[in-house]
Amino acid sequence: MVTVQPAPVESFVFTRDYLGSYRRVMRVLAAPSAWAGPLPEAAPPTDVAIYQLPTGTYETRAAFAVSGGSFRDKRQFAATAILVRHPKGDLLIDAGFGSDVAAHVAALPRFQRAPYQVAKTVSQQLDASGYDRGRLLGGLVTHAHWDHVSGLGDLRVPVWINPGERRYAAEDPGGKVFRMVSAGREIHEYEFSGPPYLGFPSSFDVHGDGSVVVVPAGGHTPGSVVVFVTVPSGKRYAFIGDLTWQLDGIRRRVERPLLMRKLADSDPAQVRQALLRVIALADLMQIVPAHDVHAHDGIPDLPATSQELPR
Ligand SMILES: [Zn+2]
């Protein structure tokens, strides 16, 4: 691991006013009713499998990460990609840090830069496992922010994105790194033309068998999504991107601190609605906030050699 210290964070000045408001806004959301409907049908072929590809971490003060976090504690934010293998073609969910992460961090507004540690990129991990890149349908982004798309720059694969997020990524300063890494890439636009899914209003079933289902969960960015994955054992996962950054958001039902909701979310009320939908599912599946280093526990790493991959 290599620790890189970029320019010091300047814009977050802790004032007494801010500390005061922080205490006032710390509150727990009312518990939603647990999902009582049937689980959507899923018939994943036997060789569907998921792997985690951790590409590094960056540092955030706990107070900025989750309501109730302290100012002194730091949290490591994971930048981990997921590979979903499927006989009809594999998909990456997000892409972590790429080989150009230093340039990507440098392209951020100063207040967003944070110290980060890099591990192997997705591209390096795929190569180390002898992975056949011809299997990859593309990289599907939970949303277009830098810490989810940096690694796409190393991969010559189509970028899977919905029209709302594509518009955001094209126009918003938050899409700057996306524009860098997606230049010259094929863009694969998908639509939510499928039925409601687990409380979300519509869906996109990637393979038509319920194994990978994407739903709109806008609010962090306009086109943010949740990706539901069901593996042959019947175990289900919800990759929720940045609906909440940490598992506390699910377990303690707390939102981001108010300041961060205002800074980081395009529509905080929508984020809350989607977060409550996901909390209602928490007993039924593994909920994976993108940046919690423990949220991916139990998901295997990519094997070191291709022989170990299931056929
Ligand atoms: Zn993020």
# chains A, B, ... in the order shown; residues from 1 in each chain; ligands from 1

call {"tool": "select_by_dssp", "arguments": {"residues": "range 229-277 of chain A", "states": "strand (DSSP E or B)", "output": "PyMOL selection string"}}
result
chain A and resi 229-230+236-239+254

call {"tool": "write_last_selection", "arguments": {"atoms": "N, CA and C atoms", "output": "PDB file, in the first residue's frame"}}
result
ATOM      1  N   VAL A 229     -28.059  -8.290  -6.699  1.00  0.00           N
ATOM      2  CA  VAL A 229     -27.460  -9.483  -7.289  1.00  0.00           C
ATOM      3  C   VAL A 229     -27.924 -10.695  -6.489  1.00  0.00           C
ATOM      4  N   THR A 230     -28.379 -11.723  -7.181  1.00  0.00           N
ATOM      5  CA  THR A 230     -28.743 -12.986  -6.528  1.00  0.00           C
ATOM      6  C   THR A 230     -27.866 -14.088  -7.098  1.00  0.00           C
ATOM      7  N   ARG A 236     -28.690 -13.025  -1.525  1.00  0.00           N
ATOM      8  CA  ARG A 236     -28.913 -11.780  -2.260  1.00  0.00           C
ATOM      9  C   ARG A 236     -28.037 -10.667  -1.711  1.00  0.00           C
ATOM     10  N   TYR A 237     -27.680  -9.768  -2.596  1.00  0.00           N
ATOM     11  CA  TYR A 237     -26.873  -8.596  -2.246  1.00  0.00           C
ATOM     12  C   TYR A 237     -27.549  -7.355  -2.823  1.00  0.00           C
ATOM     13  N   ALA A 238     -27.377  -6.245  -2.120  1.00  0.00           N
ATOM     14  CA  ALA A 238     -27.802  -4.951  -2.676  1.00  0.00           C
ATOM     15  C   ALA A 238     -26.587  -4.029  -2.638  1.00  0.00           C
ATOM     16  N   PHE A 239     -26.073  -3.711  -3.803  1.00  0.00           N
ATOM     17  CA  PHE A 239     -24.960  -2.760  -3.907  1.00  0.00           C
ATOM     18  C   PHE A 239     -25.569  -1.376  -4.059  1.00  0.00           C
ATOM     19  N   VAL A 254     -29.160   6.225  10.261  1.00  0.00           N
ATOM     20  CA  VAL A 254     -28.776   7.634  10.284  1.00  0.00           C
ATOM     21  C   VAL A 254     -28.333   8.074   8.896  1.00  0.00           C
TER      22      VAL A 254
END

call {"tool": "residues_around", "arguments": {"residues": "Leu155 in chain A", "least_positions_apart": "6", "cutoff": "12 Å", "atoms": "only C-alpha atoms", "output": "list in words"}}
result
Leu92, Asp94, Ala95, Gly96, Phe97, Gly98, Ser99, Asp100, Thr121, Val122, Ser123, Gln124, Gln125, Leu126, Asp127, Arg133, Gly134, Leu136, Leu137, Gly138, Gly139, Val149, Val181, Ser182, Ala183, Gly184, Arg185 and Glu186 of chain A

call {"tool": "residues_near_ligand", "arguments": {"ligand": "ligand 1", "cutoff": "9 Å", "atoms": "only C-alpha atoms and all ligand atoms", "output": "PyMOL selection string"}}
result
chain A and resi 77-79+143-148+241-242+245+290-291

call {"tool": "closest_residue", "arguments": {"among": "A:Trp160, A:Val226, A:Gly219, A:Ala280", "to": "Lys262 in chain A", "atoms": "only C-alpha atoms"}}
result
A:Gly219

call {"tool": "closest_residue", "arguments": {"among": "A:Phe64, A:Phe192, A:Phe204, A:Tyr197", "to": "Leu263 in chain A", "atoms": "only C-alpha atoms"}}
result
A:Phe64

call {"tool": "residues_around", "arguments": {"residues": "Leu39 in chain A", "least_positions_apart": "2", "cutoff": "12 Å", "atoms": "only C-alpha atoms", "output": "VMD selection string"}}
result
chain A and resid 35 to 37 41 to 42 196 to 199 210 228 230 234 to 236 281 284 to 285

call {"tool": "write_last_selection", "arguments": {"atoms": "N, CA and C atoms", "output": "PDB file, in the first residue's frame"}}
result
ATOM      1  N   TRP A  35     -39.689  -5.319   4.639  1.00  0.00           N
ATOM      2  CA  TRP A  35     -40.316  -5.754   3.393  1.00  0.00           C
ATOM      3  C   TRP A  35     -41.114  -7.037   3.658  1.00  0.00           C
ATOM      4  N   ALA A  36     -42.412  -6.991   3.395  1.00  0.00           N
ATOM      5  CA  ALA A  36     -43.267  -8.141   3.700  1.00  0.00           C
ATOM      6  C   ALA A  36     -43.752  -8.835   2.437  1.00  0.00           C
ATOM      7  N   GLY A  37     -43.488  -8.234   1.298  1.00  0.00           N
ATOM      8  CA  GLY A  37     -43.931  -8.833   0.033  1.00  0.00           C
ATOM      9  C   GLY A  37     -43.042 -10.016  -0.336  1.00  0.00           C
ATOM     10  N   GLU A  41     -38.572 -13.107  -8.172  1.00  0.00           N
ATOM     11  CA  GLU A  41     -37.998 -14.360  -8.664  1.00  0.00           C
ATOM     12  C   GLU A  41     -36.602 -14.129  -9.225  1.00  0.00           C
ATOM     13  N   ALA A  42     -35.733 -15.085  -8.972  1.00  0.00           N
ATOM     14  CA  ALA A  42     -34.389 -15.041  -9.542  1.00  0.00           C
ATOM     15  C   ALA A  42     -33.969 -16.470  -9.846  1.00  0.00           C
ATOM     16  N   PRO A 196     -41.826  -2.616 -10.987  1.00  0.00           N
ATOM     17  CA  PRO A 196     -41.330  -2.251  -9.658  1.00  0.00           C
ATOM     18  C   PRO A 196     -40.574  -3.419  -9.039  1.00  0.00           C
ATOM     19  N   TYR A 197     -39.610  -3.092  -8.184  1.00  0.00           N
ATOM     20  CA  TYR A 197     -38.743  -4.133  -7.632  1.00  0.00           C
ATOM     21  C   TYR A 197     -38.397  -3.775  -6.194  1.00  0.00           C
ATOM     22  N   LEU A 198     -38.855  -4.583  -5.267  1.00  0.00           N
ATOM     23  CA  LEU A 198     -38.516  -4.424  -3.839  1.00  0.00           C
ATOM     24  C   LEU A 198     -38.694  -2.990  -3.350  1.00  0.00           C
ATOM     25  N   GLY A 199     -39.819  -2.402  -3.737  1.00  0.00           N
ATOM     26  CA  GLY A 199     -40.145  -1.058  -3.250  1.00  0.00           C
ATOM     27  C   GLY A 199     -39.663   0.060  -4.145  1.00  0.00           C
ATOM     28  N   GLY A 210     -33.206 -12.412 -13.417  1.00  0.00           N
ATOM     29  CA  GLY A 210     -33.301 -11.932 -12.036  1.00  0.00           C
ATOM     30  C   GLY A 210     -31.994 -11.951 -11.272  1.00  0.00           C
ATOM     31  N   PHE A 228     -29.066  -5.043  -7.455  1.00  0.00           N
ATOM     32  CA  PHE A 228     -29.367  -6.253  -6.700  1.00  0.00           C
ATOM     33  C   PHE A 228     -28.768  -7.447  -7.438  1.00  0.00           C
ATOM     34  N   THR A 230     -28.379 -11.723  -7.181  1.00  0.00           N
ATOM     35  CA  THR A 230     -28.743 -12.986  -6.528  1.00  0.00           C
ATOM     36  C   THR A 230     -27.866 -14.088  -7.098  1.00  0.00           C
ATOM     37  N   GLY A 234     -28.916 -18.624  -3.565  1.00  0.00           N
ATOM     38  CA  GLY A 234     -30.105 -17.893  -3.127  1.00  0.00           C
ATOM     39  C   GLY A 234     -29.747 -16.638  -2.344  1.00  0.00           C
ATOM     40  N   LYS A 235     -28.482 -16.517  -1.986  1.00  0.00           N
ATOM     41  CA  LYS A 235     -28.068 -15.314  -1.260  1.00  0.00           C
ATOM     42  C   LYS A 235     -28.225 -14.078  -2.155  1.00  0.00           C
ATOM     43  N   ARG A 236     -28.690 -13.025  -1.525  1.00  0.00           N
ATOM     44  CA  ARG A 236     -28.913 -11.780  -2.260  1.00  0.00           C
ATOM     45  C   ARG A 236     -28.037 -10.667  -1.711  1.00  0.00           C
ATOM     46  N   LEU A 281     -35.079  -3.793   3.660  1.00  0.00           N
ATOM     47  CA  LEU A 281     -34.635  -5.072   3.089  1.00  0.00           C
ATOM     48  C   LEU A 281     -33.484  -5.699   3.861  1.00  0.00           C
ATOM     49  N   LEU A 284     -33.070  -9.346   4.691  1.00  0.00           N
ATOM     50  CA  LEU A 284     -33.254 -10.293   3.597  1.00  0.00           C
ATOM     51  C   LEU A 284     -32.010 -10.465   2.737  1.00  0.00           C
ATOM     52  N   MET A 285     -31.058  -9.582   2.898  1.00  0.00           N
ATOM     53  CA  MET A 285     -29.902  -9.618   1.994  1.00  0.00           C
ATOM     54  C   MET A 285     -28.738  -8.852   2.599  1.00  0.00           C
TER      55      MET A 285
END

call {"tool": "select_by_dssp", "arguments": {"residues": "range 183-268 of chain A", "states": "alpha helix (DSSP H)", "output": "list of chain:residue names"}}
result
A:Asp248, A:Gly249, A:Ile250, A:Arg251, A:Leu258, A:Leu259, A:Met260, A:Arg261, A:Lys262, A:Leu263, A:Ala264, A:Pro268

call {"tool": "closest_residue", "arguments": {"among": "A:Pro44, A:Pro54, A:Pro163, A:Pro195", "to": "Val225 in chain A", "atoms": "only C-alpha atoms"}}
result
A:Pro163

call {"tool": "residues_around", "arguments": {"residues": "Ile240 in chain A", "least_positions_apart": "3", "cutoff": "8 Å", "atoms": "only C-alpha atoms", "output": "PDB file with C-alpha atoms, in the first residue's frame"}}
result
ATOM      1  CA  THR A 142     -23.685   3.076  -9.394  1.00  0.00           C
ATOM      2  CA  VAL A 225     -28.753   3.225  -8.834  1.00  0.00           C
ATOM      3  CA  VAL A 226     -28.918   0.204  -6.566  1.00  0.00           C
ATOM      4  CA  VAL A 227     -27.779  -3.087  -8.090  1.00  0.00           C
ATOM      5  CA  LEU A 243     -27.052   5.974  -0.547  1.00  0.00           C
ATOM      6  CA  THR A 244     -25.174   5.869   2.714  1.00  0.00           C
ATOM      7  CA  ILE A 287     -26.551  -4.493   2.003  1.00  0.00           C
ATOM      8  CA  VAL A 288     -23.289  -3.092   0.661  1.00  0.00           C
ATOM      9  CA  PRO A 289     -22.664   0.659   0.944  1.00  0.00           C
ATOM     10  CA  ALA A 290     -19.812   1.241  -1.484  1.00  0.00           C
TER      11      ALA A 290
END

call {"tool": "closest_residue", "arguments": {"among": "A:Ala119, A:Ala282, A:Ala49, A:Ala65", "to": "Glu255 in chain A", "atoms": "only C-alpha atoms"}}
result
A:Ala65

call {"tool": "residues_around", "arguments": {"residues": "Asp73 in chain A", "least_positions_apart": "6", "cutoff": "9 Å", "atoms": "only C-alpha atoms", "output": "ChimeraX atom specification"}}
result
/A:60-63

call {"tool": "write_last_selection", "arguments": {"atoms": "C-alpha atoms", "output": "PDB file, in the first residue's frame"}}
result
ATOM      1  CA  THR A  60     -12.629  10.817   5.834  1.00  0.00           C
ATOM      2  CA  ARG A  61     -13.337  12.231   9.255  1.00  0.00           C
ATOM      3  CA  ALA A  62     -16.002  10.122  10.941  1.00  0.00           C
ATOM      4  CA  ALA A  63     -18.017  13.272  11.599  1.00  0.00           C
TER       5      ALA A  63
END

call {"tool": "closest_residue", "arguments": {"among": "A:Pro32, A:Leu276, A:Val177, A:Arg253", "to": "Ala106 in chain A", "atoms": "only C-alpha atoms"}}
result
A:Val177

call {"tool": "atom_distance", "arguments": {"atom1": "CA of Asp209 in chain A", "atom2": "CA of Ile82 in chain A"}}
result
19.1 Å

call {"tool": "atom_distance", "arguments": {"atom1": "CA of Pro222 in chain A", "atom2": "CA of Ser266 in chain A"}}
result
6.6 Å

call {"tool": "atom_distance", "arguments": {"atom1": "CA of His86 in chain A", "atom2": "CA of Arg277 in chain A"}}
result
27.0 Å
